[in-house]
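Pasted below: final_1.pdb, PDB, C-alpha atoms.
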ATOM      1  CA  MET A1065     104.005 138.156 142.386
ATOM      2  CA  VAL A1066     104.443 134.984 144.444
ATOM      3  CA  PRO A1067     107.978 133.612 144.067
ATOM      4  CA  LEU A1068     108.324 130.089 142.711
ATOM      5  CA  ASP A1069     109.519 127.349 144.998
ATOM      6  CA  THR A1070     112.120 124.820 143.876
ATOM      7  CA  ALA A1071     109.503 122.361 142.651
ATOM      8  CA  GLY A1072     107.860 125.095 140.587
ATOM      9  CA  VAL A1073     111.156 126.079 138.981
ATOM     10  CA  ARG A1074     111.820 122.469 138.038
ATOM     11  CA  GLY A1075     108.321 122.107 136.649
ATOM     12  CA  TYR A1076     108.658 125.147 134.407
ATOM     13  CA  LEU A1077     112.113 124.007 133.313
ATOM     14  CA  VAL A1078     110.494 120.784 132.095
ATOM     15  CA  HIS A1079     108.033 122.866 130.057
ATOM     16  CA  ALA A1080     110.983 124.848 128.702
ATOM     17  CA  TYR A1081     112.683 121.585 127.761
ATOM     18  CA  THR A1082     109.596 120.556 125.786
ATOM     19  CA  ALA A1083     109.487 123.953 124.078
ATOM     20  CA  SER A1084     113.197 123.708 123.193
ATOM     21  CA  THR A1085     112.044 121.361 120.436
ATOM     22  CA  LEU A1086     111.127 124.513 118.515
ATOM     23  CA  LEU A1087     114.788 125.479 118.237
ATOM     24  CA  PHE A1088     115.484 122.264 116.352
ATOM     25  CA  VAL A1089     112.312 122.687 114.297
ATOM     26  CA  SER A1090     113.560 126.130 113.231
ATOM     27  CA  LEU A1091     117.017 124.800 112.425
ATOM     28  CA  ALA A1092     115.544 121.955 110.391
ATOM     29  CA  MET A1093     113.357 124.398 108.447
ATOM     30  CA  GLN A1094     116.376 126.517 107.602
ATOM     31  CA  TRP A1095     118.408 123.486 106.522
ATOM     32  CA  ILE A1096     115.548 122.134 104.400
ATOM     33  CA  VAL A1097     115.299 125.445 102.562
ATOM     34  CA  GLU A1098     119.082 125.378 102.080
ATOM     35  CA  GLU A1099     118.815 121.761 100.818
ATOM     36  CA  ARG A1100     121.051 120.515 103.628
ATOM     37  CA  TYR A1101     118.819 117.532 104.178
ATOM     38  CA  GLN A1102     121.189 115.451 106.281
ATOM     39  CA  LEU A1103     121.485 118.267 108.824
ATOM     40  CA  ALA A1104     117.719 118.723 108.753
ATOM     41  CA  LEU A1105     117.234 115.046 109.593
ATOM     42  CA  LEU A1106     119.709 115.358 112.476
ATOM     43  CA  ALA A1107     117.687 118.275 113.850
ATOM     44  CA  MET A1108     114.526 116.205 113.444
ATOM     45  CA  ALA A1109     116.218 113.384 115.369
ATOM     46  CA  ALA A1110     116.831 115.825 118.224
ATOM     47  CA  THR A1111     113.087 116.592 118.354
ATOM     48  CA  VAL A1112     112.355 112.870 118.684
ATOM     49  CA  ILE A1113     114.822 112.528 121.567
ATOM     50  CA  ILE A1114     113.205 115.433 123.416
ATOM     51  CA  ASP A1115     109.727 114.032 122.822
ATOM     52  CA  ALA A1116     110.822 110.598 124.055
ATOM     53  CA  THR A1117     112.136 112.002 127.341
ATOM     54  CA  ASP A1118     110.030 115.015 128.308
ATOM     55  CA  GLY A1119     106.985 112.960 129.316
ATOM     56  CA  ALA A1120     108.916 111.013 131.952
ATOM     57  CA  LEU A1121     110.356 114.271 133.297
ATOM     58  CA  ALA A1122     106.905 115.860 133.388
ATOM     59  CA  ARG A1123     105.500 112.972 135.410
ATOM     60  CA  HIS A1124     108.523 112.858 137.723
ATOM     61  CA  TYR A1125     108.324 116.568 138.532
ATOM     62  CA  ARG A1126     104.477 116.586 138.588
ATOM     63  CA  VAL A1127     104.239 119.571 136.260
ATOM     64  CA  THR A1128     100.428 119.602 136.353
ATOM     65  CA  GLU A1129     100.776 120.570 140.026
ATOM     66  CA  THR A1130     104.091 122.395 140.231
ATOM     67  CA  ALA A1131     103.887 124.352 136.946
ATOM     68  CA  ALA A1132     100.130 124.602 136.462
ATOM     69  CA  GLY A1133     100.393 127.988 134.745
ATOM     70  CA  ILE A1134     101.281 126.134 131.539
ATOM     71  CA  GLN A1135      98.958 123.517 130.069
ATOM     72  CA  GLY A1136     101.513 120.826 129.371
ATOM     73  CA  ASP A1137      99.315 118.654 127.145
ATOM     74  CA  LEU A1138      98.489 121.611 124.909
ATOM     75  CA  LEU A1139     102.132 122.678 124.693
ATOM     76  CA  ASP A1140     103.133 119.116 123.859
ATOM     77  CA  ASN A1141     100.517 118.844 121.102
ATOM     78  CA  ILE A1142     101.554 122.156 119.519
ATOM     79  CA  VAL A1143     105.218 121.182 119.549
ATOM     80  CA  ASP A1144     104.514 117.651 118.312
ATOM     81  CA  PHE A1145     102.325 118.840 115.434
ATOM     82  CA  LEU A1146     105.084 121.155 114.240
ATOM     83  CA  SER A1147     107.881 118.600 114.593
ATOM     84  CA  TYR A1148     106.038 115.421 113.581
ATOM     85  CA  VAL A1149     103.712 116.819 110.894
ATOM     86  CA  ALA A1150     104.451 120.328 109.587
ATOM     87  CA  LEU A1151     108.234 119.911 109.435
ATOM     88  CA  PRO A1152     108.157 116.574 107.564
ATOM     89  CA  ALA A1153     105.540 118.075 105.230
ATOM     90  CA  LEU A1154     107.976 120.857 104.350
ATOM     91  CA  PHE A1155     110.695 118.239 103.793
ATOM     92  CA  LEU A1156     108.487 116.240 101.418
ATOM     93  CA  LEU A1157     107.634 119.339  99.413
ATOM     94  CA  HIS A1158     111.072 120.929  99.250
ATOM     95  CA  ALA A1159     112.942 117.696  98.518
ATOM     96  CA  ASP A1160     110.490 116.990  95.656
ATOM     97  CA  MET A1161     109.672 113.532  96.987
ATOM     98  CA  LEU A1162     106.049 113.258  95.827
ATOM     99  CA  LEU A1163     104.077 113.100  92.610
ATOM    100  CA  ALA A1164     102.381 116.266  91.373
ATOM    101  CA  PRO A1165     100.334 117.922  92.761
ATOM    102  CA  ALA A1166     102.517 117.429  95.846
ATOM    103  CA  THR A1167     100.765 120.191  97.781
ATOM    104  CA  LEU A1168      97.500 118.237  97.629
ATOM    105  CA  TRP A1169      99.028 115.071  99.090
ATOM    106  CA  VAL A1170     100.811 116.999 101.820
ATOM    107  CA  SER A1171      97.634 118.889 102.695
ATOM    108  CA  LEU A1172      95.840 115.542 103.108
ATOM    109  CA  VAL A1173      98.572 114.405 105.489
ATOM    110  CA  MET A1174      98.204 117.576 107.557
ATOM    111  CA  PHE A1175      94.386 117.371 107.441
ATOM    112  CA  ALA A1176      94.377 113.796 108.730
ATOM    113  CA  SER A1177      96.963 114.529 111.406
ATOM    114  CA  ALA A1178      95.097 117.627 112.616
ATOM    115  CA  PHE A1179      92.036 115.465 113.232
ATOM    116  CA  GLY A1180      94.213 112.735 114.712
ATOM    117  CA  PHE A1181      95.729 115.146 117.232
ATOM    118  CA  SER A1182      92.280 116.522 118.067
ATOM    119  CA  ARG A1183      90.588 113.198 118.825
ATOM    120  CA  THR A1184      89.350 112.904 122.378
ATOM    121  CA  ASP A1185      90.421 109.249 122.309
ATOM    122  CA  ALA A1186      93.751 109.848 120.541
ATOM    123  CA  LYS A1187      95.626 108.324 123.468
ATOM    124  CA  ILE A1188      94.382 105.488 125.641
ATOM    125  CA  ALA A1189      97.147 105.877 128.193
ATOM    126  CA  GLY A1190      95.679 103.379 130.656
ATOM    127  CA  LYS A1191      95.961 100.608 128.087
ATOM    128  CA  GLY A1192      99.061 101.904 126.306
ATOM    129  CA  PHE A1193      97.586 102.717 122.881
ATOM    130  CA  PHE A1194      97.410 105.482 120.313
ATOM    131  CA  VAL A1195      94.229 105.385 118.235
ATOM    132  CA  GLY A1196      95.067 105.544 114.541
ATOM    133  CA  PHE A1197      98.526 105.873 113.024
ATOM    134  CA  PRO A1198     100.284 108.259 115.442
ATOM    135  CA  SER A1199     101.595 110.682 112.762
ATOM    136  CA  TYR A1200     105.221 109.594 112.873
ATOM    137  CA  TRP A1201     105.822 111.503 109.641
ATOM    138  CA  ASN A1202     109.369 112.487 110.585
ATOM    139  CA  ILE A1203     110.307 108.803 110.773
ATOM    140  CA  VAL A1204     108.518 108.114 107.490
ATOM    141  CA  VAL A1205     110.423 110.955 105.802
ATOM    142  CA  PHE A1206     113.715 109.699 107.248
ATOM    143  CA  TYR A1207     113.314 106.275 105.640
ATOM    144  CA  LEU A1208     111.967 107.561 102.328
ATOM    145  CA  TRP A1209     114.871 109.979 101.933
ATOM    146  CA  MET A1210     117.570 107.609 103.157
ATOM    147  CA  LEU A1211     116.351 104.689 101.022
ATOM    148  CA  GLY A1212     115.880 106.907  97.975
ATOM    149  CA  THR A1213     112.420 105.591  97.128
ATOM    150  CA  GLY A1214     110.623 107.152  94.184
ATOM    151  CA  PRO A1215     107.756 109.676  94.121
ATOM    152  CA  LEU A1216     105.128 107.055  93.189
ATOM    153  CA  PHE A1217     105.990 104.813  96.133
ATOM    154  CA  ASN A1218     106.314 107.796  98.488
ATOM    155  CA  THR A1219     102.960 109.240  97.487
ATOM    156  CA  ALA A1220     101.173 105.906  97.798
ATOM    157  CA  LEU A1221     102.684 105.255 101.233
ATOM    158  CA  ILE A1222     101.811 108.615 102.754
ATOM    159  CA  LEU A1223      98.237 108.355 101.451
ATOM    160  CA  VAL A1224      97.867 104.919 103.043
ATOM    161  CA  LEU A1225      99.306 106.191 106.333
ATOM    162  CA  ALA A1226      97.194 109.365 106.230
ATOM    163  CA  SER A1227      94.128 107.132 105.936
ATOM    164  CA  ALA A1228      95.439 105.022 108.826
ATOM    165  CA  VAL A1229      95.468 108.116 111.069
ATOM    166  CA  LEU A1230      91.675 108.197 110.903
ATOM    167  CA  VAL A1231      90.866 104.501 111.313
ATOM    168  CA  PRO A1232      90.290 102.886 114.725
ATOM    169  CA  LEU A1233      93.374 100.675 114.573
ATOM    170  CA  ARG A1234      95.466 101.088 117.711
ATOM    171  CA  PHE A1235      99.233 101.407 117.925
ATOM    172  CA  LEU A1236     101.403 100.939 120.990
ATOM    173  CA  TYR A1237     102.005 103.968 123.199
ATOM    174  CA  VAL A1238     105.347 102.648 124.351
ATOM    175  CA  THR A1239     105.984 104.937 127.332
ATOM    176  CA  ARG A1240     102.598 103.974 128.818
ATOM    177  CA  LEU A1241     102.763 100.234 128.354
ATOM    178  CA  SER A1242     102.143  98.108 131.429
ATOM    179  CA  ARG A1243     103.924  95.139 129.809
ATOM    180  CA  TRP A1244     106.790  94.911 127.325
ATOM    181  CA  ARG A1245     107.889  98.490 128.000
ATOM    182  CA  THR A1246     111.479  97.569 128.912
ATOM    183  CA  LEU A1247     111.834  95.462 125.785
ATOM    184  CA  HIS A1248     110.581  98.302 123.608
ATOM    185  CA  PHE A1249     112.873 100.796 125.349
ATOM    186  CA  LEU A1250     115.849  98.536 124.668
ATOM    187  CA  LEU A1251     114.935  97.822 121.052
ATOM    188  CA  GLY A1252     113.936 101.436 120.492
ATOM    189  CA  GLY A1253     117.298 102.616 121.802
ATOM    190  CA  LEU A1254     119.118 100.265 119.435
ATOM    191  CA  TRP A1255     116.846 101.403 116.606
ATOM    192  CA  GLY A1256     117.638 105.060 117.299
ATOM    193  CA  LEU A1257     121.363 104.366 117.424
ATOM    194  CA  ALA A1258     121.235 102.456 114.141
ATOM    195  CA  CYS A1259     119.309 105.270 112.451
ATOM    196  CA  LEU A1260     121.705 107.921 113.751
ATOM    197  CA  LEU A1261     124.784 105.991 112.609
ATOM    198  CA  ALA A1262     123.219 105.391 109.206
ATOM    199  CA  LEU A1263     122.518 109.104 108.876
ATOM    200  CA  LEU A1264     126.076 110.058 109.823
ATOM    201  CA  LEU A1265     127.722 107.502 107.540
ATOM    202  CA  GLY A1266     128.203 108.088 103.860
ATOM    203  CA  GLU A1267     126.520 105.881 101.288
ATOM    204  CA  GLY A1268     127.746 102.322 101.351
ATOM    205  CA  GLN A1269     127.054  98.782 102.473
ATOM    206  CA  LEU A1270     127.293  99.575 106.192
ATOM    207  CA  GLN A1271     124.741 102.356 105.894
ATOM    208  CA  ASP A1272     122.382 100.045 104.012
ATOM    209  CA  LEU A1273     122.869  97.312 106.611
ATOM    210  CA  LEU A1274     122.031  99.694 109.459
ATOM    211  CA  LEU A1275     118.959 101.048 107.677
ATOM    212  CA  TYR A1276     117.490  97.641 106.913
ATOM    213  CA  ALA A1277     118.360  96.342 110.387
ATOM    214  CA  SER A1278     116.579  99.336 111.932
ATOM    215  CA  LEU A1279     113.468  98.501 109.920
ATOM    216  CA  GLY A1280     113.336  95.285 111.931
ATOM    217  CA  TYR A1281     112.188  97.229 114.986
ATOM    218  CA  VAL A1282     109.643  99.159 112.908
ATOM    219  CA  ALA A1283     108.188  95.831 111.750
ATOM    220  CA  PHE A1284     108.227  94.486 115.320
ATOM    221  CA  TYR A1285     106.437  97.610 116.601
ATOM    222  CA  LEU A1286     103.723  97.322 113.946
ATOM    223  CA  VAL A1287     103.155  93.580 114.431
ATOM    224  CA  HIS A1288     103.185  93.886 118.215
ATOM    225  CA  SER A1289     100.682  96.747 117.982
ATOM    226  CA  LEU A1290      98.308  94.598 115.931
ATOM    227  CA  ILE A1291      98.678  91.654 118.323
ATOM    228  CA  GLU A1292      98.101  93.709 121.468
ATOM    229  CA  ASP A1293      95.180  95.551 119.854
ATOM    230  CA  ALA A1294      93.499  92.269 118.900
ATOM    231  CA  ARG A1295      94.209  90.788 122.343
ATOM    232  CA  ASP A1296      92.740  93.780 124.165
ATOM    233  CA  ARG A1297      89.635  93.826 121.973
ATOM    234  CA  ALA A1298      89.088  90.113 122.549
ATOM    235  CA  HIS A1299      89.515  90.612 126.285
ATOM    236  CA  SER A1300      87.061  93.511 126.296
ATOM    237  CA  ALA A1301      84.536  91.501 124.265
ATOM    238  CA  GLY A1302      84.822  88.658 126.737
ATOM    239  CA  LYS A1303      84.036  91.015 129.612
ATOM    240  CA  VAL A1304      80.931  92.286 127.823
ATOM    241  CA  LYS A1305      79.641  88.741 127.413
TER     242      LYS A1305
END
Take the structure I supplied and represent it as structure tokens, if you would.
Amino acid sequence: MVPLDTAGVRGYLVHAYTASTLLFVSLAMQWIVEERYQLALLAMAATVIIDATDGALARHYRVTETAAGIQGDLLDNIVDFLSYVALPALFLLHADMLLAPATLWVSLVMFASAFGFSRTDAKIAGKGFFVGFPSYWNIVVFYLWMLGTGPLFNTALILVLASAVLVPLRFLYVTRLSRWRTLHFLLGGLWGLACLLALLLGEGQLQDLLLYASLGYVAFYLVHSLIEDARDRAHSAGKVK
């Protein structure tokens, strides 16, 4: 067996960092079953932090070259499907957040997301887009649970978003943006901090203020995605002419 050099060790450590998401997925599953939903959401927040940082580490340490024994994209997709889709699905079911038959609605979410993850054009990294709603179900579940919305609203929203996974609308792939990336990193950091503080605080006016303030970035992300999508399509159409 050929010993690993330093670069190889670092590369495999990055893969291990990505896979460490599964520890928090397991913890969240346990806490969901135990109806400790606040702790489950904290564990889900940890999976988001890992996902937001492992890509930059992978590129910095060139894992496709230094740790080629692991297919990083495949590992990332497996981990992301569990943390962004399967885990929130369990939360929706166990917390009784949907209309009956809840299993049907959740299965539609997982069906759509499975196809979304499998698309060959799921990520247009060169232009900084995801194609279709990028299955941010953990974030959806966070807001539905924290805001205490009812089963009718919850069911309607997840069906709309499940449909949006399969349509050709494009959403910003923030870490691959050529423009506006710093702004999104700053706003996204503030958004994450607001969400975390809201989760840690008890019910009250400050929690509500933080939650609704954090929705400002969600709205900005969605509107900016639509604007950049329309701008890129218009630019591409102009080139064709």
CA of Phe1088 (chain A) to CA of Ala1228 (chain A), straight-line distance in Å: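 Between CA of Ala1228 (chain A) and CA of Phe1088 (chain A) the gap works out to 27.5 Å.
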With a cut-off of 10 Å, could you pull out the residues of region 1096-1130 of chain A touching region 1152-1157 of chain A and give me the nearest pair of atoms for each, distance in Å to one decimal, using only C-alpha atoms, ordered by chain and ascending number, as CSV?
residue,atom,partner,partner_atom,distance
A:Ile1096,CA,A:Phe1155,CA,6.3
A:Val1097,CA,A:Phe1155,CA,8.6
A:Glu1099,CA,A:Phe1155,CA,9.3
A:Tyr1101,CA,A:Phe1155,CA,8.2
A:Ala1104,CA,A:Phe1155,CA,8.6
A:Leu1105,CA,A:Phe1155,CA,9.3
A:Met1108,CA,A:Pro1152,CA,8.7
Ground truth for the PyMOL selection byres ((chain A and resi 1110-1119) around 8), written as a PDB file with C-alpha atoms, keeping the file's coordinate frame:
ATOM      1  CA  VAL A1078     110.494 120.784 132.095  1.00  0.00           C
ATOM      2  CA  TYR A1081     112.683 121.585 127.761  1.00  0.00           C
ATOM      3  CA  THR A1082     109.596 120.556 125.786  1.00  0.00           C
ATOM      4  CA  THR A1085     112.044 121.361 120.436  1.00  0.00           C
ATOM      5  CA  PHE A1088     115.484 122.264 116.352  1.00  0.00           C
ATOM      6  CA  VAL A1089     112.312 122.687 114.297  1.00  0.00           C
ATOM      7  CA  LEU A1106     119.709 115.358 112.476  1.00  0.00           C
ATOM      8  CA  ALA A1107     117.687 118.275 113.850  1.00  0.00           C
ATOM      9  CA  MET A1108     114.526 116.205 113.444  1.00  0.00           C
ATOM     10  CA  ALA A1109     116.218 113.384 115.369  1.00  0.00           C
ATOM     11  CA  ALA A1120     108.916 111.013 131.952  1.00  0.00           C
ATOM     12  CA  LEU A1121     110.356 114.271 133.297  1.00  0.00           C
ATOM     13  CA  ALA A1122     106.905 115.860 133.388  1.00  0.00           C
ATOM     14  CA  ARG A1123     105.500 112.972 135.410  1.00  0.00           C
ATOM     15  CA  ASP A1144     104.514 117.651 118.312  1.00  0.00           C
ATOM     16  CA  SER A1147     107.881 118.600 114.593  1.00  0.00           C
TER      17      SER A1147
END
Selection result for the PyMOL selection byres ((chain A and resi 1207-1223) around 9) on this file, as JSON, numbers by chain: {"A": [1101, 1156, 1159, 1160, 1161, 1162, 1163, 1164, 1166, 1169, 1170, 1172, 1173, 1201, 1202, 1203, 1204, 1205, 1206, 1224, 1225, 1226, 1227, 1228, 1262, 1263, 1272, 1275, 1279]}
Coordinates-based distance that separates CA of Pro1232 (chain A) from CA of Gly1196 (chain A) (Å, one decimal): 5.5 Å
Computed interatomic separation between CA of Phe1181 (chain A) and CA of Leu1260 (chain A) (Å):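 Distance reported for this atom pair: 27.2 Å.
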